[in-house]
Each structure stands twice: as C-alpha cells, then as structure tokens.
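*Asks:* Have a look at this one before I ask anything.
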Amino acid sequence: MPNLPMRSIGIPPLITALATAFCLLGSSTATRAAGQQSAKVPPQAHHEADSRCPSQDAVNAALVNASASMEQARYSDAFQTLSPLSPLDCDARVSLLLAATLEANGDLPGAEQALEHAHSIWPTNTSIATSLAREYFGARDVGKAAQALAHFHATATTPLQEMELAVIVYFSAHQLVSAQAVAEMAYKTYPSIHTLLLLANALQLQGRYPDVNRLLGDQRATYADSPEFLITLAESESDASIFAAARKDLERAIALNPKSYQAHYLLGYVLARIHDVDKAINEYHTAIELNPSQPRTYYQLALALGEKQDQAGEEHALEQALAADDHYAPAHYEIGKILIDENRLNDAVSHLTAAIQYNPSSEEAYYLLVRAYAGLGEKDKSNAMVKRLMAVRKANRPNAENSAENKDSDHPAADHATNP
C-alpha cells in the first residue's frame, strides 16, 4: 500500500462533534473548537419541530453548560443537560454533543444511535455524516461508513479533519474518484505536505503515477527534506520504471530517517527490480527489523531469495509471511507454486484454495489449481477451475486500466488488506 497519510490521521474521538457543537459559541471550549470547525456553519433546525424549540440563546446556553460538564468529565451532567433538547431535533449541534457525551461515557451503541437519528434528520450535515462514518469505520463496517457519506460534499468551509476522514473511508471502500475529489479540495483549502500526499495517494491508488510524478515533481524543491514526500514520489517513480530516480529519492529518505520501514521496504523492491538482489535482501531484512508484522516484506524477501536459488530461504520467508498473516494470499499462492513443482499436489491444492479464498481475483491461483487438479486426475474439478478462471479473467479485464490498484504483491503497493 502507498505511503498513506491515514496512518498519522488515525480515527479521532468525537472531538469533531464537540468542535461542531461549539462553532458559534463564545466559551473557551468554543474558541478551541473553532480551530477545527468552521464558524461559518449555522445551527440547523428541523422545520417540523420549530414550534417546540426553545430560543437559540437557550440552546446555546445548554450547549455551553454541557461543554463545561464535559471538560470536567461530568458526563452524566452533560447528558442530563442535553437529553431534553435532543428529541426536539432543533439543532444539529445538540445531537453531535450528545453523541460525544455518550461515547465519552463508554456508551458506544448509544452514541451511534444518536448519530443515526441525527443523520436521518440532517442527511447533508457533513459533521454528522463524518461522525457517524467514524463510528461505523471504527467498528470495521466500511460499507455503512461509506453509505453515511452518501451526501458528503466538501467545500472550502469543511473542516480538514472531516475531509481526512472522508478520504480514509473512500480509500477503504475503493471509491477512489470520490477520495480524489475530497483530497483535491483538502489540498486547495488547506495546502500542506500532509494534504499534498493525501491527494498523491488518491491518484496512486488509481494507478495514475504519471500524474503523481507531475504533482510531486513540481513541489520537490519545497519538500526535498521530507522523507514522507520522497517515499511517496519514489513509489510513483518506481511505477513508471524510473528506478534510478526512485533509488536516489529512497536513499535520501533513509538518510533523513534511517528508521523508516516504508523507505527500506520500497528500496528493497527497487533494487530487486534492477537485479541488485543482494542489496535488496539486505533492505528487506532491515525493513523486517523495523516492522516484523508486515507479511508483504517476507513475501518480497522470498522472491529475492528465490532469484538466488535459495529454496530453503525462500520457503522459510513464505512461512514467516503466513505467520505474520495467515490470510496473506500471495504467500499461499507462491507456496502452492513450489509444491506443484515438487509434485506435492494435495498440499498445493490446500494453499491455492486459500489463495483464492483470500484473493478471489487471482487468475494465477486459479490457473495453478487447474494444473494441480489435472495432475491429481480430478478432471471435473480441473474443468470447474477452468470455468472459474475464465469468469475471473473476464471480470478483471474491465478494470485493466486501474490495475495498479489491484496488483498482486509483486508490487510494493500491493498489500491490500485494509489497515486504517
């Protein structure tokens, strides 16, 4: 996976809700929150409830009091202040602060329910939508998180934190055009290296590495001392087979940050591609020392060792990949391939079946299953795999122009198990 800024963004607590709730208030909390939430966003009243709603001054006073209770960790008091207002659907800020109060008090289902109700009343409110999406995303329900953002529209007044979260969700839901649109607005409104790389990542995931090279190339002089910038640029240079430039940028990134796993990993990949295998192996070992939990590093190490005809080392590295993540399809595929060469066909079938289970779009795994079943004399199963191979191949072809997004892990960006 590319050098996604989401690793530093994370998924924040419902501070988004708190910031929104106080965007128009004059308390000390409001002043701090205004840095995260635009003060141009007016409170939103539900038209059917207007006759039951208290005055805006009364609502603001309740929000200030609830905020003061929140600051002192008196969550029950904050809840008591807000709960009479919440059913009236008078002001979106009430629902947001109530959800934050419930979450702070450990009632995650209650917070989610409050946000779901608010979203049904104010479906175009971006703060509610992103707060609800954050709840779903935290529960690993990417589909519902993306659905919560169905009406999300980033403008120049949308807080950066909301744009970041939307991009993360869109990345995970493979809604890459939407991710790009929000990332472009984020970079235009809040220009920085952070938003620049967010936009670069959105383009990288679409396989648009020439656009990334142009985008980042124009900013090289500005960010020449940023390891993150150099790593992101080097990946797109590698995609374009500009390996000399990629190597130079990665070596510079490592000089700036010797502990960068991503830089060592990508440099290993680049060195392997230019057949400097011994140095590639050294870089992979360094990357493993820095981050031993990444299965893709062991996998790439295995490929490099295979080039040196070190079969024992190759098999050991593949076993380590599966020890790090037993769902890692490329390692299952590679082991299956080795087992076929050794005529251990039943064992090969087991690994290749796992490979297609964890990556159903892998044509190579289906092809090897055809061979394995044929070698076992199981003609019906072999024919069935041929049919599935043809169906998968047909399904894959319409997306050929976006193949950089779905490459098997012979590419450094191809660790597509979602890791927000």
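Ordered as shown in the structure tokens, chains take letters A, B, and onward, while each chain numbers its residues from 1 and ligands are numbered from 1 in the order shown.
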Mind checking which residues fall within 7 Å of range 148-159 of chain A, counting only C-alpha atoms, ignoring those fewer than 3 positions away in the same chain, and posting them as a compact mmCIF listing (two decimals) with N, CA, C and O atoms, in the first residue's frame?
*Replies:*
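Saved file selection02.txt follows:
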# COMPACT_ATOMS: atom_id res chain seq x y z
N GLN A 36 -11.04 23.76 14.58
CA GLN A 36 -11.30 22.52 13.85
C GLN A 36 -12.59 22.57 13.06
O GLN A 36 -12.80 21.79 12.16
N GLN A 37 -13.49 23.49 13.41
CA GLN A 37 -14.79 23.51 12.75
C GLN A 37 -15.09 24.93 12.30
O GLN A 37 -14.94 25.86 13.05
N SER A 38 -15.47 25.09 11.07
CA SER A 38 -15.71 26.42 10.54
C SER A 38 -16.80 27.14 11.29
O SER A 38 -17.88 26.60 11.56
N PRO A 123 -29.42 14.87 6.78
CA PRO A 123 -28.57 13.97 5.97
C PRO A 123 -27.43 14.68 5.25
O PRO A 123 -26.46 14.04 4.86
N THR A 124 -27.53 16.00 5.05
CA THR A 124 -26.48 16.71 4.34
C THR A 124 -25.51 17.40 5.28
O THR A 124 -24.58 18.08 4.82
N THR A 126 -22.40 17.66 7.10
CA THR A 126 -21.16 16.91 6.94
C THR A 126 -20.56 16.48 8.27
O THR A 126 -19.93 15.42 8.36
N ALA A 129 -22.47 13.44 9.30
CA ALA A 129 -22.14 12.33 8.41
C ALA A 129 -20.76 11.75 8.73
O ALA A 129 -20.59 10.52 8.80
N THR A 130 -19.78 12.61 8.92
CA THR A 130 -18.44 12.10 9.18
C THR A 130 -18.33 11.49 10.57
O THR A 130 -17.60 10.51 10.77
N LEU A 132 -20.75 9.91 12.13
CA LEU A 132 -21.38 8.59 12.01
C LEU A 132 -20.49 7.64 11.23
O LEU A 132 -20.33 6.47 11.61
N ALA A 133 -19.90 8.13 10.16
CA ALA A 133 -18.98 7.29 9.38
C ALA A 133 -17.82 6.82 10.25
O ALA A 133 -17.37 5.68 10.14
N LYS A 144 -21.14 0.59 5.57
CA LYS A 144 -22.03 1.54 6.23
C LYS A 144 -21.35 2.90 6.40
O LYS A 144 -22.01 3.94 6.33
N ALA A 145 -20.04 2.88 6.63
CA ALA A 145 -19.31 4.15 6.74
C ALA A 145 -19.41 4.93 5.43
O ALA A 145 -19.66 6.14 5.43
N GLU A 162 -12.69 16.55 8.86
CA GLU A 162 -13.79 15.85 8.21
C GLU A 162 -13.39 15.37 6.82
O GLU A 162 -13.75 14.27 6.39
N MET A 163 -12.64 16.20 6.09
CA MET A 163 -12.18 15.78 4.77
C MET A 163 -11.25 14.58 4.87
O MET A 163 -11.35 13.63 4.08
N VAL A 182 -12.36 14.82 -2.79
CA VAL A 182 -12.23 15.40 -1.46
C VAL A 182 -10.78 15.79 -1.18
O VAL A 182 -10.49 16.85 -0.61
N MET A 185 -9.95 19.06 -2.79
CA MET A 185 -10.48 20.18 -2.03
C MET A 185 -9.66 20.43 -0.77
O MET A 185 -9.40 21.58 -0.39
N THR A 189 -7.79 23.91 -0.08
CA THR A 189 -8.22 24.73 1.05
C THR A 189 -7.19 24.80 2.15
O THR A 189 -7.01 25.84 2.79
*Asks:* Per residue of range 73-169 of chain A within 10 Å of range 52-60 of chain A, note the shortest atom pair and the distance in Å to one decimal, counting only C-alpha atoms, and order the rows by chain and increasing residue number, as a tab-separated table.
*Replies:*
residue	atom	partner	partner_atom	distance
A:Leu82	CA	A:Val59	CA	9.2
A:Leu85	CA	A:Val59	CA	8.0
A:Leu88	CA	A:Cys53	CA	6.6
A:Asp89	CA	A:Cys53	CA	8.2
A:Cys90	CA	A:Cys53	CA	5.8
A:Asp91	CA	A:Val59	CA	7.9
A:Arg93	CA	A:Val59	CA	9.3
A:Val94	CA	A:Val59	CA	8.1
*Asks:* Which of these, A:Gln80, A:Ser131, A:Ser86, A:Gln294, has the shortest distance to Ala317 in chain A once you count only C-alpha atoms?
*Replies:*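 Checking each of A:Gln80, A:Ser131, A:Ser86, A:Gln294 against Ala317 in chain A, counting only C-alpha atoms, the winner is A:Gln294.
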*Asks:* Could you check how far CA of Arg393 in chain A sits from CA of Gly375 in chain A, in Å to one decimal?
*Replies:*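 Interatomic distance here is 22.6 Å.
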*Asks:* A:Ala287, A:Ala118, A:Ala183, A:Ala61: which is nearest Leu196 in chain A, counting only C-alpha atoms?
*Replies:*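 Of A:Ala287, A:Ala118, A:Ala183, A:Ala61, the one nearest Leu196 in chain A, counting only C-alpha atoms, is A:Ala183.
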*Asks:* Tyr265 in chain A: which residues within 6 Å, counting only C-alpha atoms, same-chain residues fewer than 2 positions away excluded, as a list in words?
*Replies:*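 These residues fall inside the cut-off: Gln262, Ala263, Leu267, Gly268, Tyr284 and Ala287 of chain A.
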*Asks:* For Asp278 in chain A, please output as a ChimeraX atom specification all residues within 12 Å (counting only C-alpha atoms; exclusion window: fewer than 2 positions along the same chain).
*Replies:* /A:268-269,271-276,280-285,301,304-308
*Asks:* Pick out each residue of range 161-339 of chain A that DSSP on the backbone tags as helix (DSSP H, G or I); I need them as a ChimeraX atom specification.
*Replies:* /A:161-172,176-189,193-204,209-217,227-239,243-256,261-273,277-290,295-307,311-324,329-339
*Asks:* Fewer than 6 positions away in the same chain doesn't count, so skip those; otherwise give me all residues within 10 Å of His327 in chain A, counting only C-alpha atoms, as a list of chain:residue names.
*Replies:*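 The filter keeps A:Pro295, A:Ala321, A:Ala354, A:Ala355, A:Gln357, A:Tyr358, A:Asn359, A:Ala417.
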*Asks:* Next, the residues of the selection above should be written as a PDB file, in the first residue's frame with C-alpha atoms.
*Replies:*
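Written out: again_17.pdb:
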ATOM      1  CA  PRO A 295       3.698 -10.106   5.612  1.00  0.00           C
ATOM      2  CA  ALA A 321       4.713 -14.242   5.834  1.00  0.00           C
ATOM      3  CA  ALA A 354      -6.578 -20.474   0.464  1.00  0.00           C
ATOM      4  CA  ALA A 355      -5.065 -18.079  -2.070  1.00  0.00           C
ATOM      5  CA  GLN A 357     -10.322 -17.571  -0.767  1.00  0.00           C
ATOM      6  CA  TYR A 358      -8.366 -14.529   0.380  1.00  0.00           C
ATOM      7  CA  ASN A 359      -7.938 -13.042  -3.098  1.00  0.00           C
ATOM      8  CA  ALA A 417      -5.641  -5.983   3.359  1.00  0.00           C
TER       9      ALA A 417
END
